[in-house]
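The file structure-v5.pdb contains PDB, C-alpha atoms:
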```pdb
ATOM      1  CA  MET A 226    -126.827-118.363 -34.975
ATOM      2  CA  LYS A 227    -124.302-115.944 -33.512
ATOM      3  CA  LYS A 228    -120.838-117.405 -32.935
ATOM      4  CA  VAL A 229    -119.713-116.596 -29.409
ATOM      5  CA  PHE A 230    -116.511-118.610 -29.156
ATOM      6  CA  SER A 231    -113.731-119.721 -31.488
ATOM      7  CA  ARG A 232    -110.237-121.113 -31.225
ATOM      8  CA  PRO A 233    -107.667-118.366 -30.533
ATOM      9  CA  LYS A 234    -105.445-117.623 -33.514
ATOM     10  CA  SER A 235    -102.454-117.730 -31.185
ATOM     11  CA  LEU A 236    -103.225-121.358 -30.330
ATOM     12  CA  LYS A 237    -101.858-123.822 -32.877
ATOM     13  CA  GLU A 238    -104.356-126.124 -34.576
ATOM     14  CA  ASN A 239    -102.159-129.059 -35.544
ATOM     15  CA  PHE A 240    -101.191-130.262 -32.081
ATOM     16  CA  ILE A 241    -103.220-132.172 -29.496
ATOM     17  CA  TYR A 242    -102.526-131.372 -25.855
ATOM     18  CA  HIS A 243    -100.393-134.001 -24.127
ATOM     19  CA  TYR A 244    -101.731-133.034 -20.710
ATOM     20  CA  CYS A 245    -103.646-135.473 -18.519
ATOM     21  CA  PRO A 246    -107.470-135.255 -18.607
ATOM     22  CA  GLY A 247    -108.643-132.510 -16.253
ATOM     23  CA  CYS A 248    -105.279-130.737 -16.072
ATOM     24  CA  GLY A 249    -105.445-126.956 -15.804
ATOM     25  CA  HIS A 250    -102.468-126.251 -18.075
ATOM     26  CA  SER A 251    -104.568-126.482 -21.231
ATOM     27  CA  ILE A 252    -107.006-123.882 -19.895
ATOM     28  CA  ALA A 253    -104.149-121.561 -18.935
ATOM     29  CA  HIS A 254    -102.620-121.927 -22.412
ATOM     30  CA  ARG A 255    -105.912-120.987 -24.032
ATOM     31  CA  LEU A 256    -106.322-117.923 -21.851
ATOM     32  CA  VAL A 257    -102.812-116.701 -22.632
ATOM     33  CA  ALA A 258    -103.482-117.194 -26.358
ATOM     34  CA  GLU A 259    -106.834-115.382 -26.175
ATOM     35  CA  VAL A 260    -105.287-112.387 -24.446
ATOM     36  CA  ILE A 261    -102.421-112.214 -26.936
ATOM     37  CA  ASP A 262    -105.005-112.092 -29.733
ATOM     38  CA  GLU A 263    -107.129-109.469 -28.027
ATOM     39  CA  LEU A 264    -104.151-107.196 -27.350
ATOM     40  CA  GLY A 265    -102.852-107.641 -30.901
ATOM     41  CA  ILE A 266     -99.333-108.522 -29.715
ATOM     42  CA  ARG A 267     -98.843-111.908 -31.341
ATOM     43  CA  GLY A 268     -96.121-110.682 -33.700
ATOM     44  CA  ILE A 269     -94.031-109.158 -30.909
ATOM     45  CA  THR A 270     -94.519-111.724 -28.132
ATOM     46  CA  ILE A 271     -91.802-114.118 -26.988
ATOM     47  CA  GLY A 272     -92.560-116.894 -24.508
ATOM     48  CA  VAL A 273     -90.224-118.874 -22.269
ATOM     49  CA  PRO A 274     -91.585-122.343 -21.428
ATOM     50  CA  PRO A 275     -90.230-124.335 -18.465
ATOM     51  CA  ALA A 276     -88.994-127.780 -17.702
ATOM     52  CA  GLY A 277     -91.867-129.843 -16.343
ATOM     53  CA  CYS A 278     -95.372-130.562 -17.580
ATOM     54  CA  ALA A 279     -95.499-127.426 -19.741
ATOM     55  CA  VAL A 280     -92.154-128.089 -21.413
ATOM     56  CA  LEU A 281     -93.973-128.480 -24.753
ATOM     57  CA  ALA A 282     -95.850-125.172 -24.524
ATOM     58  CA  TYR A 283     -94.082-124.102 -27.714
ATOM     59  CA  TYR A 284     -96.122-126.763 -29.552
ATOM     60  CA  TYR A 285     -99.373-125.068 -28.527
ATOM     61  CA  ILE A 286     -98.993-121.285 -28.206
ATOM     62  CA  ASP A 287     -98.208-119.844 -31.617
ATOM     63  CA  VAL A 288     -95.645-117.170 -30.759
ATOM     64  CA  ASP A 289     -91.851-117.180 -30.732
ATOM     65  CA  MET A 290     -90.616-119.421 -27.921
ATOM     66  CA  ILE A 291     -87.206-120.013 -26.366
ATOM     67  CA  GLU A 292     -86.894-122.999 -24.022
ATOM     68  CA  ALA A 293     -85.236-122.313 -20.670
ATOM     69  CA  GLN A 294     -83.209-124.661 -18.539
ATOM     70  CA  HIS A 295     -85.007-125.849 -15.422
ATOM     71  CA  GLY A 296     -85.787-122.842 -13.234
ATOM     72  CA  ARG A 297     -84.046-120.274 -15.411
ATOM     73  CA  GLY A 298     -87.160-118.809 -17.052
ATOM     74  CA  PRO A 299     -87.005-115.351 -15.427
ATOM     75  CA  ALA A 300     -83.285-115.061 -16.196
ATOM     76  CA  LEU A 301     -83.798-115.945 -19.844
ATOM     77  CA  ALA A 302     -86.833-113.662 -20.075
ATOM     78  CA  THR A 303     -84.742-110.857 -18.582
ATOM     79  CA  GLY A 304     -82.057-111.300 -21.212
ATOM     80  CA  ILE A 305     -84.579-111.324 -24.047
ATOM     81  CA  LYS A 306     -86.370-108.222 -22.766
ATOM     82  CA  ARG A 307     -83.146-106.262 -22.286
ATOM     83  CA  VAL A 308     -81.891-107.096 -25.774
ATOM     84  CA  LEU A 309     -85.329-106.624 -27.370
ATOM     85  CA  PRO A 310     -87.144-104.080 -25.171
ATOM     86  CA  ASP A 311     -89.901-103.609 -27.747
ATOM     87  CA  ARG A 312     -91.001-107.242 -27.386
ATOM     88  CA  ILE A 313     -93.583-108.580 -24.931
ATOM     89  CA  VAL A 314     -91.835-111.330 -22.971
ATOM     90  CA  PHE A 315     -93.381-113.869 -20.622
ATOM     91  CA  SER A 316     -92.202-116.942 -18.754
ATOM     92  CA  TYR A 317     -94.579-119.801 -18.013
ATOM     93  CA  GLN A 318     -93.504-121.870 -15.016
ATOM     94  CA  GLY A 319     -94.649-124.576 -12.647
ATOM     95  CA  ASP A 320     -94.246-124.562  -8.880
ATOM     96  CA  GLY A 321     -91.144-126.770  -8.905
ATOM     97  CA  ASP A 322     -89.586-124.731 -11.676
ATOM     98  CA  LEU A 323     -90.287-121.327 -10.096
ATOM     99  CA  ALA A 324     -90.273-122.059  -6.369
ATOM    100  CA  ALA A 325     -87.555-124.729  -6.046
ATOM    101  CA  ILE A 326     -84.692-124.850  -8.534
ATOM    102  CA  GLY A 327     -85.618-121.416  -9.878
ATOM    103  CA  THR A 328     -86.128-119.566  -6.603
ATOM    104  CA  ALA A 329     -83.041-117.382  -7.054
ATOM    105  CA  GLU A 330     -83.887-116.424 -10.627
ATOM    106  CA  SER A 331     -87.463-115.601  -9.645
ATOM    107  CA  LEU A 332     -86.500-113.482  -6.647
ATOM    108  CA  HIS A 333     -83.779-111.489  -8.342
ATOM    109  CA  ALA A 334     -85.687-110.803 -11.569
ATOM    110  CA  ALA A 335     -88.566-109.583  -9.425
ATOM    111  CA  ASN A 336     -86.298-107.555  -7.153
ATOM    112  CA  ARG A 337     -84.739-105.812 -10.153
ATOM    113  CA  GLY A 338     -88.216-104.939 -11.373
ATOM    114  CA  GLU A 339     -87.645-106.476 -14.793
ATOM    115  CA  ASN A 340     -90.475-105.466 -17.131
ATOM    116  CA  ILE A 341     -91.562-109.044 -17.843
ATOM    117  CA  THR A 342     -94.656-111.121 -17.127
ATOM    118  CA  VAL A 343     -94.521-114.424 -15.234
ATOM    119  CA  PHE A 344     -97.302-117.013 -15.241
ATOM    120  CA  PHE A 345     -96.856-119.297 -12.248
ATOM    121  CA  ILE A 346     -98.852-122.548 -12.357
ATOM    122  CA  ASN A 347     -99.314-123.918  -8.840
ATOM    123  CA  ASN A 348    -100.714-127.451  -8.586
ATOM    124  CA  ALA A 349     -98.999-128.194  -5.248
ATOM    125  CA  VAL A 350     -97.082-131.176  -6.623
ATOM    126  CA  TYR A 351     -94.381-132.180  -9.095
ATOM    127  CA  GLY A 352     -96.538-133.262 -12.018
ATOM    128  CA  MET A 353     -94.300-134.568 -14.780
ATOM    129  CA  THR A 354     -91.900-136.610 -12.661
ATOM    130  CA  GLY A 355     -94.422-138.672 -10.715
ATOM    131  CA  GLY A 356     -96.190-136.609  -8.099
ATOM    132  CA  GLN A 357     -93.436-135.840  -5.604
ATOM    133  CA  MET A 358     -93.778-133.181  -2.915
ATOM    134  CA  ALA A 359     -93.256-129.664  -4.235
ATOM    135  CA  PRO A 360     -92.396-126.450  -2.371
ATOM    136  CA  THR A 361     -96.103-125.584  -2.599
ATOM    137  CA  THR A 362     -97.431-128.928  -1.304
ATOM    138  CA  ILE A 363     -99.957-128.263   1.461
ATOM    139  CA  LEU A 364     -99.470-129.483   5.034
ATOM    140  CA  GLY A 365    -100.916-132.979   5.329
ATOM    141  CA  GLN A 366    -101.060-133.454   1.556
ATOM    142  CA  LYS A 367     -99.923-136.917   0.493
ATOM    143  CA  THR A 368     -97.458-137.256  -2.372
ATOM    144  CA  THR A 369     -95.102-139.986  -3.542
ATOM    145  CA  THR A 370     -92.344-138.514  -1.360
ATOM    146  CA  SER A 371     -94.576-137.552   1.569
ATOM    147  CA  ALA A 372     -96.750-140.643   1.850
ATOM    148  CA  PRO A 373     -98.052-139.820   5.371
ATOM    149  CA  GLY A 374     -98.676-136.218   4.321
ATOM    150  CA  ARG A 375     -96.434-133.151   4.404
ATOM    151  CA  ASP A 376     -95.034-132.759   7.918
ATOM    152  CA  ILE A 377     -93.788-129.434   9.278
ATOM    153  CA  THR A 378     -90.981-131.032  11.297
ATOM    154  CA  LEU A 379     -89.648-132.937   8.299
ATOM    155  CA  ASP A 380     -90.608-130.809   5.328
ATOM    156  CA  GLY A 381     -91.246-127.293   6.563
ATOM    157  CA  TYR A 382     -94.122-125.094   5.460
ATOM    158  CA  PRO A 383     -95.530-124.516   1.956
ATOM    159  CA  ILE A 384     -93.701-121.679   0.234
ATOM    160  CA  LYS A 385     -95.969-118.814  -0.787
ATOM    161  CA  MET A 386     -94.053-117.222  -3.631
ATOM    162  CA  SER A 387     -96.655-114.581  -4.392
ATOM    163  CA  GLU A 388     -96.598-113.250  -0.836
ATOM    164  CA  ILE A 389     -92.796-113.311  -0.792
ATOM    165  CA  LEU A 390     -92.444-111.413  -4.060
ATOM    166  CA  CYS A 391     -94.933-108.790  -2.913
ATOM    167  CA  LEU A 392     -92.361-107.650  -0.345
ATOM    168  CA  LEU A 393     -89.983-106.581  -3.108
ATOM    169  CA  PRO A 394     -90.263-102.967  -4.330
ATOM    170  CA  GLY A 395     -89.475-104.021  -7.902
ATOM    171  CA  VAL A 396     -92.681-106.051  -8.078
ATOM    172  CA  LYS A 397     -95.619-104.048  -9.404
ATOM    173  CA  TYR A 398     -98.516-106.475  -9.794
ATOM    174  CA  VAL A 399     -99.257-109.905  -8.311
ATOM    175  CA  GLU A 400    -102.579-111.714  -8.408
ATOM    176  CA  ARG A 401    -103.517-115.273  -7.492
ATOM    177  CA  CYS A 402    -106.199-116.904  -9.617
ATOM    178  CA  ALA A 403    -107.524-120.373 -10.441
ATOM    179  CA  VAL A 404    -108.857-122.316 -13.434
ATOM    180  CA  ASN A 405    -111.160-124.765 -11.662
ATOM    181  CA  SER A 406    -114.503-123.107 -12.492
ATOM    182  CA  PRO A 407    -116.009-120.855 -15.182
ATOM    183  CA  ALA A 408    -116.107-117.884 -12.800
ATOM    184  CA  ASN A 409    -112.473-118.327 -11.807
ATOM    185  CA  ILE A 410    -111.422-118.808 -15.423
ATOM    186  CA  VAL A 411    -112.993-115.457 -16.341
ATOM    187  CA  LYS A 412    -111.129-113.743 -13.488
ATOM    188  CA  THR A 413    -107.879-115.417 -14.495
ATOM    189  CA  LYS A 414    -108.180-114.146 -18.048
ATOM    190  CA  LYS A 415    -108.686-110.588 -16.776
ATOM    191  CA  ALA A 416    -105.580-110.906 -14.601
ATOM    192  CA  ILE A 417    -103.494-112.244 -17.498
ATOM    193  CA  LYS A 418    -104.624-109.359 -19.683
ATOM    194  CA  LYS A 419    -103.850-106.827 -16.977
ATOM    195  CA  ALA A 420    -100.362-108.260 -16.475
ATOM    196  CA  PHE A 421     -99.601-108.087 -20.193
ATOM    197  CA  GLN A 422    -100.959-104.537 -20.346
ATOM    198  CA  TYR A 423     -98.701-103.482 -17.480
ATOM    199  CA  GLN A 424     -95.706-104.752 -19.439
ATOM    200  CA  ILE A 425     -96.890-102.910 -22.549
ATOM    201  CA  ASP A 426     -97.181 -99.737 -20.458
ATOM    202  CA  GLY A 427     -93.727-100.274 -18.935
ATOM    203  CA  VAL A 428     -95.006-100.564 -15.372
ATOM    204  CA  GLY A 429     -92.614-103.358 -14.379
ATOM    205  CA  PHE A 430     -92.546-106.918 -13.064
ATOM    206  CA  SER A 431     -95.871-108.767 -12.857
ATOM    207  CA  MET A 432     -96.703-112.308 -11.802
ATOM    208  CA  ILE A 433     -99.988-114.185 -12.057
ATOM    209  CA  GLU A 434    -100.169-117.296  -9.885
ATOM    210  CA  ILE A 435    -102.703-119.797 -11.193
ATOM    211  CA  LEU A 436    -103.988-122.594  -8.970
ATOM    212  CA  SER A 437    -104.339-125.568 -11.302
ATOM    213  CA  GLN A 438    -105.945-128.952 -10.775
ATOM    214  CA  CYS A 439    -103.817-132.107 -11.159
ATOM    215  CA  PRO A 440    -106.212-135.089 -11.009
ATOM    216  CA  THR A 441    -103.565-137.673 -11.918
ATOM    217  CA  ASN A 442    -101.122-136.906  -9.123
ATOM    218  CA  TRP A 443    -103.768-135.898  -6.608
ATOM    219  CA  LYS A 444    -105.385-139.318  -7.192
ATOM    220  CA  MET A 445    -108.789-137.726  -7.777
ATOM    221  CA  SER A 446    -111.399-137.451 -10.472
ATOM    222  CA  SER A 447    -111.406-134.254 -12.521
ATOM    223  CA  ILE A 448    -114.538-133.053 -10.728
ATOM    224  CA  ASP A 449    -113.138-133.771  -7.271
ATOM    225  CA  SER A 450    -109.878-132.010  -8.115
ATOM    226  CA  CYS A 451    -111.807-128.841  -8.999
ATOM    227  CA  LYS A 452    -113.660-129.090  -5.690
ATOM    228  CA  TRP A 453    -110.400-129.654  -3.806
ATOM    229  CA  ILE A 454    -109.090-126.293  -4.986
ATOM    230  CA  ASP A 455    -112.166-124.540  -3.582
ATOM    231  CA  GLU A 456    -112.400-126.575  -0.390
ATOM    232  CA  VAL A 457    -108.739-126.999   0.534
ATOM    233  CA  MET A 458    -106.204-125.249  -1.649
ATOM    234  CA  VAL A 459    -107.585-121.700  -1.493
ATOM    235  CA  LYS A 460    -107.420-121.824   2.307
ATOM    236  CA  GLU A 461    -103.637-122.042   1.986
ATOM    237  CA  TYR A 462    -103.427-119.890  -1.125
ATOM    238  CA  PRO A 463    -106.232-117.273  -1.040
ATOM    239  CA  LEU A 464    -107.325-115.891  -4.381
ATOM    240  CA  GLY A 465    -107.203-112.216  -5.245
ATOM    241  CA  VAL A 466    -104.905-109.271  -5.917
ATOM    242  CA  LEU A 467    -101.939-109.333  -3.563
ATOM    243  CA  LYS A 468    -100.180-106.240  -4.920
ATOM    244  CA  ASP A 469    -101.007-103.610  -7.513
ATOM    245  CA  VAL A 470     -98.965-100.427  -7.378
ATOM    246  CA  THR A 471    -101.174 -98.648  -9.905
ATOM    247  CA  ALA A 472    -104.390 -99.234  -7.969
ATOM    248  CA  PRO A 473    -105.648 -96.239  -5.945
ATOM    249  CA  GLU A 474    -105.095 -96.603  -2.218
ATOM    250  CA  LYS A 475    -108.226 -97.180  -0.164
ATOM    251  CA  LYS A 476    -108.934 -94.475   2.360
ATOM    252  CA  LYS A 477    -109.183 -95.519   5.979
ATOM    253  CA  GLY A 478    -112.713 -96.345   7.017
ATOM    254  CA  LYS A 479    -113.831 -96.971   3.417
TER     255      LYS A 479
END
```
Rewrite the coordinates I just gave you, this time as structure tokens.
Amino acid sequence: MKKVFSRPKSLKENFIYHYCPGCGHSIAHRLVAEVIDELGIRGITIGVPPAGCAVLAYYYIDVDMIEAQHGRGPALATGIKRVLPDRIVFSYQGDGDLAAIGTAESLHAANRGENITVFFINNAVYGMTGGQMAPTTILGQKTTTSAPGRDITLDGYPIKMSEILCLLPGVKYVERCAVNSPANIVKTKKAIKKAFQYQIDGVGFSMIEILSQCPTNWKMSSIDSCKWIDEVMVKEYPLGVLKDVTAPEKKKGK
């Protein structure tokens, strides 16, 4: 029988994921590891894990890792890349890490066009600390700190980091993906590979936003959380390529 799937070499074998059942982080980790293997960059890749649910990413992805303080992933990744320009450097961040305490670092690294890759996991809630409202929490979504649901007058609107970063000339590639279905997982892997390839080619700053299910803090089953992404979350955060400076421009009327 032909073997069609195996564990990525860049994914460590001796550690069991600590993530909650149904969480999308484990899928995202696997995809990053698969792409690193396929591109043959394991020996030159350096990752920057965040504070938050993915704080232990260095236990799982078998490349050099340097832990960042909360929100400082893009700043640390910038320093690594400037000192070691021949390395492939990525930061892996949650929505609280990237869009709250780390907003300044994210914006300025992107605005400078740093040749790094950012993986932005958006589950619309603070996962590790108990399910509080995050910058990406959807209007009406109930969390432990927005029990009636997110209210515009009290909490403002969800922050769409991908759309904001697309306005910056230093940003070269942004795509929003999801890991809630086989089809979306395949698309996410292609986006991750493209982002890494752009860094290899020296194109500039890339960010892949990944909508990720969080059954525990959404108070849903794993199946329902996957459905919620399709039925609710993508209406606020549409999937697809938001910016790609290397893509040919479409002619009017085509």
- Task: Up to 12 Å from (-103.9, -131.3, -22.9) in the file's coordinates: name the residues, counting all atoms listed in the file, as a ChimeraX atom specification.
- Result: /A:240-255,278-279,281-282,284-285,439
- Which is closer to Arg307 in chain A than all the others in A:Ser235, A:Gln294, A:Asn340, A:Thr368, using all atoms listed in the file?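 Closest residue, counting all atoms listed in the file: A:Asn340.
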- Task: Kindly indicate which residue among A:Leu436, A:Asp426, A:Thr354, A:Met290 lies nearest to Lys460 in chain A, using only C-alpha atoms for the distances.
- Result: A:Leu436
- Query: If you apply the PyMOL selection byres ((chain A and resi 295-301) around 6) to this file, what residues do you get, as a count of residues only?
  - Reply: 13
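Proximity to range 398-404 of chain A at 8 Å, evaluated using only C-alpha atoms and with sequence-adjacent residues fewer than 5 positions away removed, yields Gly249, Ile252, Ala253, Ser387, Cys391, Asn409, Ile410, Lys412, Thr413, Ala416, Ala420, Phe430, Ser431, Met432, Ile433, Glu434, Ile435, Leu436, Ser437, Gln438, Tyr462, Pro463, Leu464, Gly465, Val466, Leu467, Lys468, Asp469 and Val470 of chain A.
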- In the coordinate frame of the file, compute which residues have an atom within 8 Å of (-94.9, -123.5, -9.5) when using all atoms listed in the file, and state them as a PyMOL selection string. chain A and resi 318-324+345-349+361
- Matched chain/residue IDs from the PyMOL selection byres ((chain A and resi 356) around 12), as a ChimeraX atom specification: /A:277-278,321,348-355,357-359,362,366-372,439-444
Output of the above residues as a short mmCIF file (atom, residue, chain, number, x, y, z; two decimals), in the frame of the given file, restricted to C-alpha atoms:
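The result, written out as out_7.cif:
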```
data_model
loop_
_atom_site.label_atom_id
_atom_site.label_comp_id
_atom_site.auth_asym_id
_atom_site.auth_seq_id
_atom_site.Cartn_x
_atom_site.Cartn_y
_atom_site.Cartn_z
CA GLY A 277 -91.87 -129.84 -16.34
CA CYS A 278 -95.37 -130.56 -17.58
CA GLY A 321 -91.14 -126.77 -8.90
CA ASN A 348 -100.71 -127.45 -8.59
CA ALA A 349 -99.00 -128.19 -5.25
CA VAL A 350 -97.08 -131.18 -6.62
CA TYR A 351 -94.38 -132.18 -9.10
CA GLY A 352 -96.54 -133.26 -12.02
CA MET A 353 -94.30 -134.57 -14.78
CA THR A 354 -91.90 -136.61 -12.66
CA GLY A 355 -94.42 -138.67 -10.72
CA GLN A 357 -93.44 -135.84 -5.60
CA MET A 358 -93.78 -133.18 -2.92
CA ALA A 359 -93.26 -129.66 -4.24
CA THR A 362 -97.43 -128.93 -1.30
CA GLN A 366 -101.06 -133.45 1.56
CA LYS A 367 -99.92 -136.92 0.49
CA THR A 368 -97.46 -137.26 -2.37
CA THR A 369 -95.10 -139.99 -3.54
CA THR A 370 -92.34 -138.51 -1.36
CA SER A 371 -94.58 -137.55 1.57
CA ALA A 372 -96.75 -140.64 1.85
CA CYS A 439 -103.82 -132.11 -11.16
CA PRO A 440 -106.21 -135.09 -11.01
CA THR A 441 -103.56 -137.67 -11.92
CA ASN A 442 -101.12 -136.91 -9.12
CA TRP A 443 -103.77 -135.90 -6.61
CA LYS A 444 -105.38 -139.32 -7.19
#
```
- Provide the CA of Thr342 in chain A to CA of Val260 in chain A distance in Å, to one decimal place. 13.0 Å
- Counting all atoms listed in the file, closest pick from A:Ile269, A:Ala408, A:Asp455, A:Gly429 relative to Pro394 in chain A is A:Gly429
Quick one: what's the axis-aligned box for range 442-448 of chain A, all listed atoms, 6 Å on every side, centre and edges in Å to one decimal, as AutoDock Vina command-line options?
```
--center_x -107.8 --center_y -136.2 --center_z -9.6 --size_x 25.4 --size_y 18.3 --size_z 17.9
```
- Query: Quick one: residues within 8 Å of Pro383 in chain A, all atoms listed in the file counted, chain neighbours fewer than 2 positions away excluded, as a list in words?
  - Reply: Pro360, Thr361, Thr362, Ile363, Leu364, Gly381 and Lys385 of chain A
- What is the distance, in Å and to one decimal place, between CA of Val459 in chain A and CA of Pro373 in chain A? 21.6 Å
- Message: Could you tell me how far CA of Glu292 in chain A sits from CA of Arg337 in chain A, in Å to one decimal place?
- Response: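 If I compute the distance from CA of Arg337 in chain A to CA of Glu292 in chain A, I get 22.2 Å.
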- Message: Here is a test: counting all atoms listed in the file, which residue of A:Asp311, A:Lys397, A:Thr471, A:Glu259 is nearest to Phe230 in chain A?
- Response: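 Of A:Asp311, A:Lys397, A:Thr471, A:Glu259, the one nearest Phe230 in chain A is A:Glu259, counting all atoms listed in the file.
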- Residue with smallest distance to Ala472 in chain A - pool A:Ile454, A:Asp376, A:Pro407, A:Lys419, counting all atoms listed in the file: A:Lys419
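Comparing the minimum interatomic distances between Lys415 in chain A and each of A:Leu256, A:Leu309, A:Cys451, A:Val280, counting only C-alpha atoms, we find that A:Leu256 sits nearest.
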